[in-house]
Amino acid sequence: MVPVAFLVTIGVFVLVRISPGDPALTFAGEERDPAAIAAIREEMGLNQSVPVQYVVWLAHVAQGDLGRSFQTHQRVLEAVTERLPATLELGLAALFFSVTVALVVGILSAVKRNSIVDLLSTSITLAGVSFPSFFLGIVLILLFAYVIPGHIFPPGGYVPLAQDVGDNLRRLVLPAITLATASLAVNLRQVRSSLLDVFGLDYMRTARGKGLHERTVITRHALKNAFIPVVTVIGQQFSVLLGGTVIVEFIFLQPGVGSLMLDAVLLRDYTVIQGAVLFFATVIVVTNLLVDLSYAWLDPRIRYR
């Protein structure tokens with residue numbers, strides 16, 4: 001985890017500095033006096049060489065300080081923490097929707113192979129991976145805001161969970177479906193294919209030969225052994241979901257870390273971009289670690305010593 005996080009810091013630091021635009025000019029606005037621009041660059045620390053800037057920034061990161069925003073002077077860690085609840089709500093809701101539907105439909109598709117359920121799940125998979133999230137989000141907004149009367153699900157906005165649980169959940173439905181659709185398709189196909197592989201193994205035939213009920217055979221023998229590749233894909237999909245919040249939060253006006261990072265890109269706010277990317281990278285490496293540790297619980301033959 002540590003080497004990966006270190007490489008991420010190098011990558012994001014270099015990429016934001018070779019991207020077009022100058023934070024000092026963006027902050028100055030209409031002011032184009034060379035002395036004023038030089039003063040702004042000195043205040044931002046941009047008058048130093050890139051290696052020196054990186055070392056200074058990394059030293060602060062190692063102490064838990066992600067720096068301050070060039071535009072608002074707010075601490076980056078504080079800004080990310082303020083936006084974190086909205087992003088976590090959206091990501092976890094999308095993951096729950098994706099995994100739940102994928103498990104139910106995937107199991108039915110595997111048990112009833114080549115049936116109408118299997119054919120419909122295949123169609124859902126193709127549609128899910130074909131529609132980009134920005135297109136699906138706009139379609140859902142048009143559908144529920146203008147076509148379906150009653151405004152069951154608001155087309156955008158955010159209400160904190162502590163303020164109004166019902167309104168929060170209603171506003172979460174459309175962005176969660178938008179974010180989860182592509183990962184749902186991948187997870188569904190993975191559940192189906194993993195179960196079909198397990199169904200053909202010897203111990204499954206033995207369990208059926210012992211006279212066990214088919215439901216018992218599936219739940220107690222097939223699912224747990226089929227879950228290792230499924231958990232791997234779900235862990236990867238959670239990372240994809242968090243990365244996808246950037247576009248979905250923008251479309252549905254969700255004040256999360258993704259929209260914070262998008263605003264920072266438009267304003268050339270280097271410190272915010274670096275802090276937000278480092279946050280996403282940390283979540284991804286921690287998720288991958290948890291996925292690796294779950295293998296030992298799913299398969300008794302795997303041990304970490």
# chains A, B, ... in the order shown; residues from 1 in each chain; ligands from 1
>>> closest_atom_pairs(of="stretch 116-215 of chain A", to="stretch 97-107 of chain A", cutoff="10 Å", atoms="only C-alpha atoms", output="tab-separated table")
residue	atom	partner	partner_atom	distance
A:Val117	CA	A:Val105	CA	8.0
A:Asp118	CA	A:Gly106	CA	8.3
A:Leu120	CA	A:Val105	CA	9.5
A:Ser121	CA	A:Val105	CA	6.9
A:Thr122	CA	A:Gly106	CA	9.8
A:Val173	CA	A:Phe97	CA	9.6
A:Ala176	CA	A:Phe97	CA	7.6
A:Ile177	CA	A:Phe97	CA	7.4
A:Leu179	CA	A:Ser98	CA	9.1
A:Ala180	CA	A:Ser98	CA	5.4
A:Thr181	CA	A:Ser98	CA	7.0
A:Ala182	CA	A:Ser98	CA	8.7
A:Ser183	CA	A:Ser98	CA	6.5
A:Leu184	CA	A:Ser98	CA	4.5
A:Ala185	CA	A:Ala102	CA	7.5
A:Val186	CA	A:Ala102	CA	8.5
A:Asn187	CA	A:Ala102	CA	5.7
A:Leu188	CA	A:Ala102	CA	4.2
A:Arg189	CA	A:Gly106	CA	6.8
A:Gln190	CA	A:Gly106	CA	8.0
A:Val191	CA	A:Gly106	CA	5.3
A:Arg192	CA	A:Gly106	CA	4.7
A:Ser193	CA	A:Gly106	CA	8.5
A:Ser194	CA	A:Gly106	CA	9.5
A:Leu195	CA	A:Ile107	CA	7.4
A:Leu196	CA	A:Ile107	CA	9.4
>>> residues_around(residues="A:Asn168", least_positions_apart="5", cutoff="12 Å", atoms="only C-alpha atoms", output="list in words")
Pro85, Ala86, Glu89, Leu90, Ala93, Phe153, Pro154, Gly156, Gly157, Tyr158, Val159, Pro160, Leu161, Ala162, Gln163, Val173, Leu174, Pro175, Ala176 and Gln254 of chain A
>>> closest_residue(among="A:Ala38, A:Gln74, A:Val248, A:Gly64", to="A:Ile138", atoms="only C-alpha atoms")
A:Val248
>>> closest_atom_pairs(of="stretch 45-144 of chain A", to="stretch 273-280 of chain A", cutoff="12 Å", atoms="only C-alpha atoms", output="tab-separated table")
residue	atom	partner	partner_atom	distance
A:Tyr54	CA	A:Gln274	CA	10.9
A:Trp57	CA	A:Gln274	CA	9.7
A:Leu58	CA	A:Gln274	CA	10.6
A:His60	CA	A:Gly275	CA	11.4
A:Val61	CA	A:Gly275	CA	8.9
A:Gly64	CA	A:Gly275	CA	10.6
A:Asp65	CA	A:Gly275	CA	9.4
A:Leu66	CA	A:Gly275	CA	5.8
A:Gly67	CA	A:Gly275	CA	8.1
A:Arg68	CA	A:Gly275	CA	9.6
A:Ser69	CA	A:Ile273	CA	9.3
A:Phe70	CA	A:Ile273	CA	10.7
A:Arg75	CA	A:Gly275	CA	10.0
A:Val76	CA	A:Gly275	CA	6.4
A:Leu77	CA	A:Gly275	CA	7.3
A:Glu78	CA	A:Gly275	CA	10.5
A:Ala79	CA	A:Ala276	CA	9.4
A:Val80	CA	A:Ala276	CA	6.8
A:Thr81	CA	A:Phe279	CA	10.1
A:Arg83	CA	A:Ala276	CA	10.4
A:Leu84	CA	A:Phe279	CA	10.0
A:Thr87	CA	A:Phe280	CA	10.7
A:Leu88	CA	A:Phe280	CA	11.2
A:Gly91	CA	A:Phe280	CA	11.8
>>> residues_around(residues="A:Leu142", least_positions_apart="6", cutoff="10 Å", atoms="only C-alpha atoms", output="PDB file with N, CA and C atoms, in the first residue's frame")
ATOM      1  N   LEU A 136     -27.080   8.154 -19.328  1.00  0.00           N
ATOM      2  CA  LEU A 136     -28.134   7.553 -18.515  1.00  0.00           C
ATOM      3  C   LEU A 136     -28.656   8.533 -17.475  1.00  0.00           C
ATOM      4  N   ILE A 148     -42.694  11.546 -16.139  1.00  0.00           N
ATOM      5  CA  ILE A 148     -43.486  10.908 -15.082  1.00  0.00           C
ATOM      6  C   ILE A 148     -43.997  11.976 -14.128  1.00  0.00           C
ATOM      7  N   PRO A 155     -34.823  15.463  -9.498  1.00  0.00           N
ATOM      8  CA  PRO A 155     -33.778  15.304 -10.513  1.00  0.00           C
ATOM      9  C   PRO A 155     -32.396  15.765 -10.075  1.00  0.00           C
TER      10      PRO A 155
END
>>> atom_distance(atom1="atom CA of A:Glu43", atom2="atom CA of A:Pro255")
28.3 Å
>>> closest_residue(among="A:Thr9, A:Thr282, A:Val14, A:Phe27", to="A:Thr72", atoms="only C-alpha atoms")
A:Phe27
>>> atom_distance(atom1="atom CA of A:Val50", atom2="atom CA of A:Val2")
22.3 Å
>>> atom_distance(atom1="atom CA of A:Pro23", atom2="atom CA of A:Val257")
20.1 Å
>>> closest_residue(among="A:Val12, A:Leu92, A:Val230, A:Ile124", to="A:Thr271", atoms="only C-alpha atoms")
A:Val12
>>> select_by_dssp(residues="stretch 83-238 of chain A", states="alpha helix (DSSP H)", output="JSON, numbers by chain")
{"A": [83, 84, 85, 86, 87, 88, 89, 90, 91, 92, 93, 94, 95, 96, 97, 98, 99, 100, 101, 102, 103, 104, 105, 106, 107, 108, 109, 110, 111, 116, 117, 118, 119, 120, 121, 122, 123, 124, 125, 126, 127, 128, 129, 130, 133, 134, 135, 136, 137, 138, 139, 140, 141, 142, 165, 166, 167, 168, 169, 170, 171, 172, 173, 174, 175, 176, 177, 178, 179, 180, 181, 182, 183, 184, 185, 186, 187, 188, 189, 190, 191, 192, 193, 194, 195, 196, 197, 198, 199, 202, 203, 204, 205, 206, 207, 208, 209, 214, 215, 216, 223, 224, 225, 226, 227, 228, 229, 230, 231, 232, 233, 234, 235, 236, 237, 238]}
>>> write_last_selection(atoms="C-alpha atoms", output="tab-separated table (two decimals), in the first residue's frame")
chain	number	residue	atom	x	y	z
A	83	ARG	CA	-17.67	16.68	1.04
A	84	LEU	CA	-17.00	13.08	2.11
A	85	PRO	CA	-20.51	12.18	3.43
A	86	ALA	CA	-22.18	12.90	0.08
A	87	THR	CA	-19.62	10.84	-1.85
A	88	LEU	CA	-19.74	7.91	0.57
A	89	GLU	CA	-23.54	7.89	0.55
A	90	LEU	CA	-23.59	7.84	-3.24
A	91	GLY	CA	-20.84	5.23	-3.58
A	92	LEU	CA	-22.22	2.88	-0.94
A	93	ALA	CA	-25.80	3.20	-2.25
A	94	ALA	CA	-24.62	2.41	-5.79
A	95	LEU	CA	-22.56	-0.54	-4.52
A	96	PHE	CA	-25.50	-1.91	-2.51
A	97	PHE	CA	-27.83	-1.62	-5.50
A	98	SER	CA	-25.30	-3.17	-7.86
A	99	VAL	CA	-24.36	-6.11	-5.62
A	100	THR	CA	-27.92	-6.88	-4.49
A	101	VAL	CA	-29.41	-6.95	-7.98
A	102	ALA	CA	-26.37	-8.78	-9.39
A	103	LEU	CA	-26.61	-11.53	-6.76
A	104	VAL	CA	-30.34	-12.08	-7.13
A	105	VAL	CA	-30.49	-11.94	-10.92
A	106	GLY	CA	-27.13	-13.69	-11.38
A	107	ILE	CA	-28.14	-16.65	-9.21
A	108	LEU	CA	-31.48	-16.96	-11.01
A	109	SER	CA	-29.73	-16.71	-14.36
A	110	ALA	CA	-27.26	-19.46	-13.45
A	111	VAL	CA	-29.90	-21.78	-11.97
A	116	ILE	CA	-36.11	-16.25	-20.35
A	117	VAL	CA	-34.57	-14.95	-17.10
A	118	ASP	CA	-31.09	-15.75	-18.42
A	119	LEU	CA	-31.80	-14.04	-21.73
A	120	LEU	CA	-33.16	-10.94	-19.98
A	121	SER	CA	-30.11	-10.73	-17.71
A	122	THR	CA	-27.87	-10.91	-20.77
A	123	SER	CA	-29.83	-8.06	-22.33
A	124	ILE	CA	-29.49	-6.02	-19.12
A	125	THR	CA	-25.74	-6.65	-19.17
A	126	LEU	CA	-25.36	-5.44	-22.74
A	127	ALA	CA	-27.47	-2.37	-22.10
A	128	GLY	CA	-25.68	-1.56	-18.85
A	129	VAL	CA	-22.19	-1.58	-20.33
A	130	SER	CA	-23.36	0.29	-23.45
A	133	SER	CA	-23.22	7.31	-17.06
A	134	PHE	CA	-23.65	10.91	-18.25
A	135	PHE	CA	-26.18	9.78	-20.90
A	136	LEU	CA	-28.13	7.55	-18.51
A	137	GLY	CA	-28.18	10.28	-15.87
A	138	ILE	CA	-29.63	12.85	-18.27
A	139	VAL	CA	-32.26	10.35	-19.47
A	140	LEU	CA	-33.34	9.62	-15.89
A	141	ILE	CA	-33.54	13.34	-15.10
A	142	LEU	CA	-35.73	13.98	-18.15
A	165	VAL	CA	-33.74	11.01	5.91
A	166	GLY	CA	-36.65	10.61	3.50
A	167	ASP	CA	-35.68	13.49	1.22
A	168	ASN	CA	-32.04	12.38	1.32
A	169	LEU	CA	-32.94	8.87	0.13
A	170	ARG	CA	-35.31	10.17	-2.57
A	171	ARG	CA	-32.57	12.39	-4.00
A	172	LEU	CA	-30.09	9.51	-3.81
A	173	VAL	CA	-32.05	7.04	-5.95
A	174	LEU	CA	-31.40	8.43	-9.44
A	175	PRO	CA	-27.65	9.15	-9.04
A	176	ALA	CA	-27.15	5.75	-7.37
A	177	ILE	CA	-28.87	3.93	-10.25
A	178	THR	CA	-26.87	5.97	-12.77
A	179	LEU	CA	-23.59	5.17	-11.05
A	180	ALA	CA	-24.40	1.51	-10.43
A	181	THR	CA	-25.70	0.48	-13.85
A	182	ALA	CA	-22.37	-0.27	-15.53
A	183	SER	CA	-20.94	-2.10	-12.50
A	184	LEU	CA	-24.21	-4.00	-12.11
A	185	ALA	CA	-23.79	-5.46	-15.58
A	186	VAL	CA	-20.23	-6.61	-14.84
A	187	ASN	CA	-21.11	-8.03	-11.42
A	188	LEU	CA	-24.15	-9.87	-12.79
A	189	ARG	CA	-22.15	-11.64	-15.48
A	190	GLN	CA	-19.42	-12.52	-12.99
A	191	VAL	CA	-21.92	-14.06	-10.53
A	192	ARG	CA	-23.52	-16.09	-13.31
A	193	SER	CA	-20.28	-17.39	-14.81
A	194	SER	CA	-18.74	-18.21	-11.40
A	195	LEU	CA	-21.79	-20.18	-10.34
A	196	LEU	CA	-21.90	-22.09	-13.63
A	197	ASP	CA	-18.24	-23.06	-13.13
A	198	VAL	CA	-18.95	-24.31	-9.61
A	199	PHE	CA	-22.08	-26.22	-10.64
A	202	ASP	CA	-17.55	-33.01	-8.31
A	203	TYR	CA	-18.53	-31.90	-4.81
A	204	MET	CA	-21.71	-30.32	-6.21
A	205	ARG	CA	-22.74	-33.63	-7.77
A	206	THR	CA	-21.93	-35.34	-4.46
A	207	ALA	CA	-24.11	-32.89	-2.54
A	208	ARG	CA	-27.01	-33.49	-4.89
A	209	GLY	CA	-26.39	-37.26	-4.74
A	214	GLU	CA	-31.32	-27.67	-4.32
A	215	ARG	CA	-31.60	-24.48	-2.30
A	216	THR	CA	-29.23	-25.94	0.32
A	223	LEU	CA	-22.20	-19.57	-3.34
A	224	LYS	CA	-19.27	-19.38	-0.95
A	225	ASN	CA	-16.92	-21.18	-3.33
A	226	ALA	CA	-18.04	-19.08	-6.27
A	227	PHE	CA	-17.55	-15.82	-4.42
A	228	ILE	CA	-13.76	-15.40	-4.70
A	229	PRO	CA	-13.80	-14.05	-8.28
A	230	VAL	CA	-17.04	-12.21	-7.51
A	231	VAL	CA	-15.54	-10.44	-4.48
A	232	THR	CA	-12.48	-9.53	-6.56
A	233	VAL	CA	-14.66	-7.90	-9.21
A	234	ILE	CA	-16.86	-6.17	-6.62
A	235	GLY	CA	-13.77	-4.70	-4.96
A	236	GLN	CA	-12.57	-3.37	-8.29
A	237	GLN	CA	-16.04	-2.06	-9.10
A	238	PHE	CA	-16.18	-0.11	-5.82
>>> closest_residue(among="A:Leu262, A:Ala145, A:Ile247, A:Val240", to="A:Ala281", atoms="only C-alpha atoms")
A:Val240
>>> residues_around(residues="A:Pro20", least_positions_apart="3", cutoff="12 Å", atoms="only C-alpha atoms", output="list in words")
Leu15, Val16, Arg17, Pro23, Leu25, Thr26, Val265, Leu266, Leu267, Arg268 and Tyr270 of chain A
>>> closest_residue(among="A:Phe131, A:Phe250, A:Phe144, A:Trp297", to="A:Asp263", atoms="only C-alpha atoms")
A:Phe250
>>> decode(residues="stretch 234-288 of chain A", atoms="C-alpha atoms", output="PDB file, in the first residue's frame")
ATOM      1  CA  ILE A 234     -16.860  -6.169  -6.624  1.00  0.00           C
ATOM      2  CA  GLY A 235     -13.769  -4.700  -4.956  1.00  0.00           C
ATOM      3  CA  GLN A 236     -12.571  -3.367  -8.287  1.00  0.00           C
ATOM      4  CA  GLN A 237     -16.042  -2.058  -9.104  1.00  0.00           C
ATOM      5  CA  PHE A 238     -16.178  -0.111  -5.825  1.00  0.00           C
ATOM      6  CA  SER A 239     -13.038   1.691  -6.930  1.00  0.00           C
ATOM      7  CA  VAL A 240     -14.656   2.391 -10.301  1.00  0.00           C
ATOM      8  CA  LEU A 241     -17.805   3.647  -8.574  1.00  0.00           C
ATOM      9  CA  LEU A 242     -15.865   6.154  -6.496  1.00  0.00           C
ATOM     10  CA  GLY A 243     -14.072   7.399  -9.589  1.00  0.00           C
ATOM     11  CA  GLY A 244     -17.399   7.668 -11.421  1.00  0.00           C
ATOM     12  CA  THR A 245     -18.818   9.996  -8.791  1.00  0.00           C
ATOM     13  CA  VAL A 246     -17.017  12.910 -10.463  1.00  0.00           C
ATOM     14  CA  ILE A 247     -19.412  12.930 -13.444  1.00  0.00           C
ATOM     15  CA  VAL A 248     -22.521  11.753 -11.582  1.00  0.00           C
ATOM     16  CA  GLU A 249     -22.132  14.344  -8.829  1.00  0.00           C
ATOM     17  CA  PHE A 250     -21.808  17.057 -11.471  1.00  0.00           C
ATOM     18  CA  ILE A 251     -24.954  15.922 -13.297  1.00  0.00           C
ATOM     19  CA  PHE A 252     -27.112  15.571 -10.167  1.00  0.00           C
ATOM     20  CA  LEU A 253     -25.629  18.561  -8.282  1.00  0.00           C
ATOM     21  CA  GLN A 254     -24.232  16.404  -5.476  1.00  0.00           C
ATOM     22  CA  PRO A 255     -21.693  18.304  -3.308  1.00  0.00           C
ATOM     23  CA  GLY A 256     -19.213  15.427  -2.976  1.00  0.00           C
ATOM     24  CA  VAL A 257     -15.474  14.954  -3.329  1.00  0.00           C
ATOM     25  CA  GLY A 258     -15.899  14.306  -7.056  1.00  0.00           C
ATOM     26  CA  SER A 259     -17.487  17.707  -7.704  1.00  0.00           C
ATOM     27  CA  LEU A 260     -14.844  19.290  -5.479  1.00  0.00           C
ATOM     28  CA  MET A 261     -12.126  17.778  -7.643  1.00  0.00           C
ATOM     29  CA  LEU A 262     -13.860  18.824 -10.870  1.00  0.00           C
ATOM     30  CA  ASP A 263     -14.107  22.423  -9.651  1.00  0.00           C
ATOM     31  CA  ALA A 264     -10.434  22.294  -8.665  1.00  0.00           C
ATOM     32  CA  VAL A 265      -9.466  21.112 -12.161  1.00  0.00           C
ATOM     33  CA  LEU A 266     -11.356  24.003 -13.755  1.00  0.00           C
ATOM     34  CA  LEU A 267      -9.718  26.498 -11.358  1.00  0.00           C
ATOM     35  CA  ARG A 268      -6.220  24.907 -11.601  1.00  0.00           C
ATOM     36  CA  ASP A 269      -6.273  24.421  -7.825  1.00  0.00           C
ATOM     37  CA  TYR A 270      -3.299  22.066  -7.592  1.00  0.00           C
ATOM     38  CA  THR A 271      -3.434  21.295  -3.881  1.00  0.00           C
ATOM     39  CA  VAL A 272      -7.123  20.325  -3.946  1.00  0.00           C
ATOM     40  CA  ILE A 273      -6.612  18.088  -7.008  1.00  0.00           C
ATOM     41  CA  GLN A 274      -3.657  16.374  -5.354  1.00  0.00           C
ATOM     42  CA  GLY A 275      -5.513  15.888  -2.072  1.00  0.00           C
ATOM     43  CA  ALA A 276      -8.691  14.535  -3.707  1.00  0.00           C
ATOM     44  CA  VAL A 277      -6.791  12.093  -5.947  1.00  0.00           C
ATOM     45  CA  LEU A 278      -4.732  10.910  -2.981  1.00  0.00           C
ATOM     46  CA  PHE A 279      -7.970  10.325  -1.062  1.00  0.00           C
ATOM     47  CA  PHE A 280      -9.446   8.216  -3.884  1.00  0.00           C
ATOM     48  CA  ALA A 281      -6.182   6.286  -4.237  1.00  0.00           C
ATOM     49  CA  THR A 282      -6.118   5.529  -0.506  1.00  0.00           C
ATOM     50  CA  VAL A 283      -9.683   4.227  -0.587  1.00  0.00           C
ATOM     51  CA  ILE A 284      -8.825   2.010  -3.563  1.00  0.00           C
ATOM     52  CA  VAL A 285      -5.718   0.426  -2.009  1.00  0.00           C
ATOM     53  CA  VAL A 286      -7.545  -0.154   1.294  1.00  0.00           C
ATOM     54  CA  THR A 287     -10.437  -1.776  -0.592  1.00  0.00           C
ATOM     55  CA  ASN A 288      -8.031  -4.062  -2.442  1.00  0.00           C
TER      56      ASN A 288
END
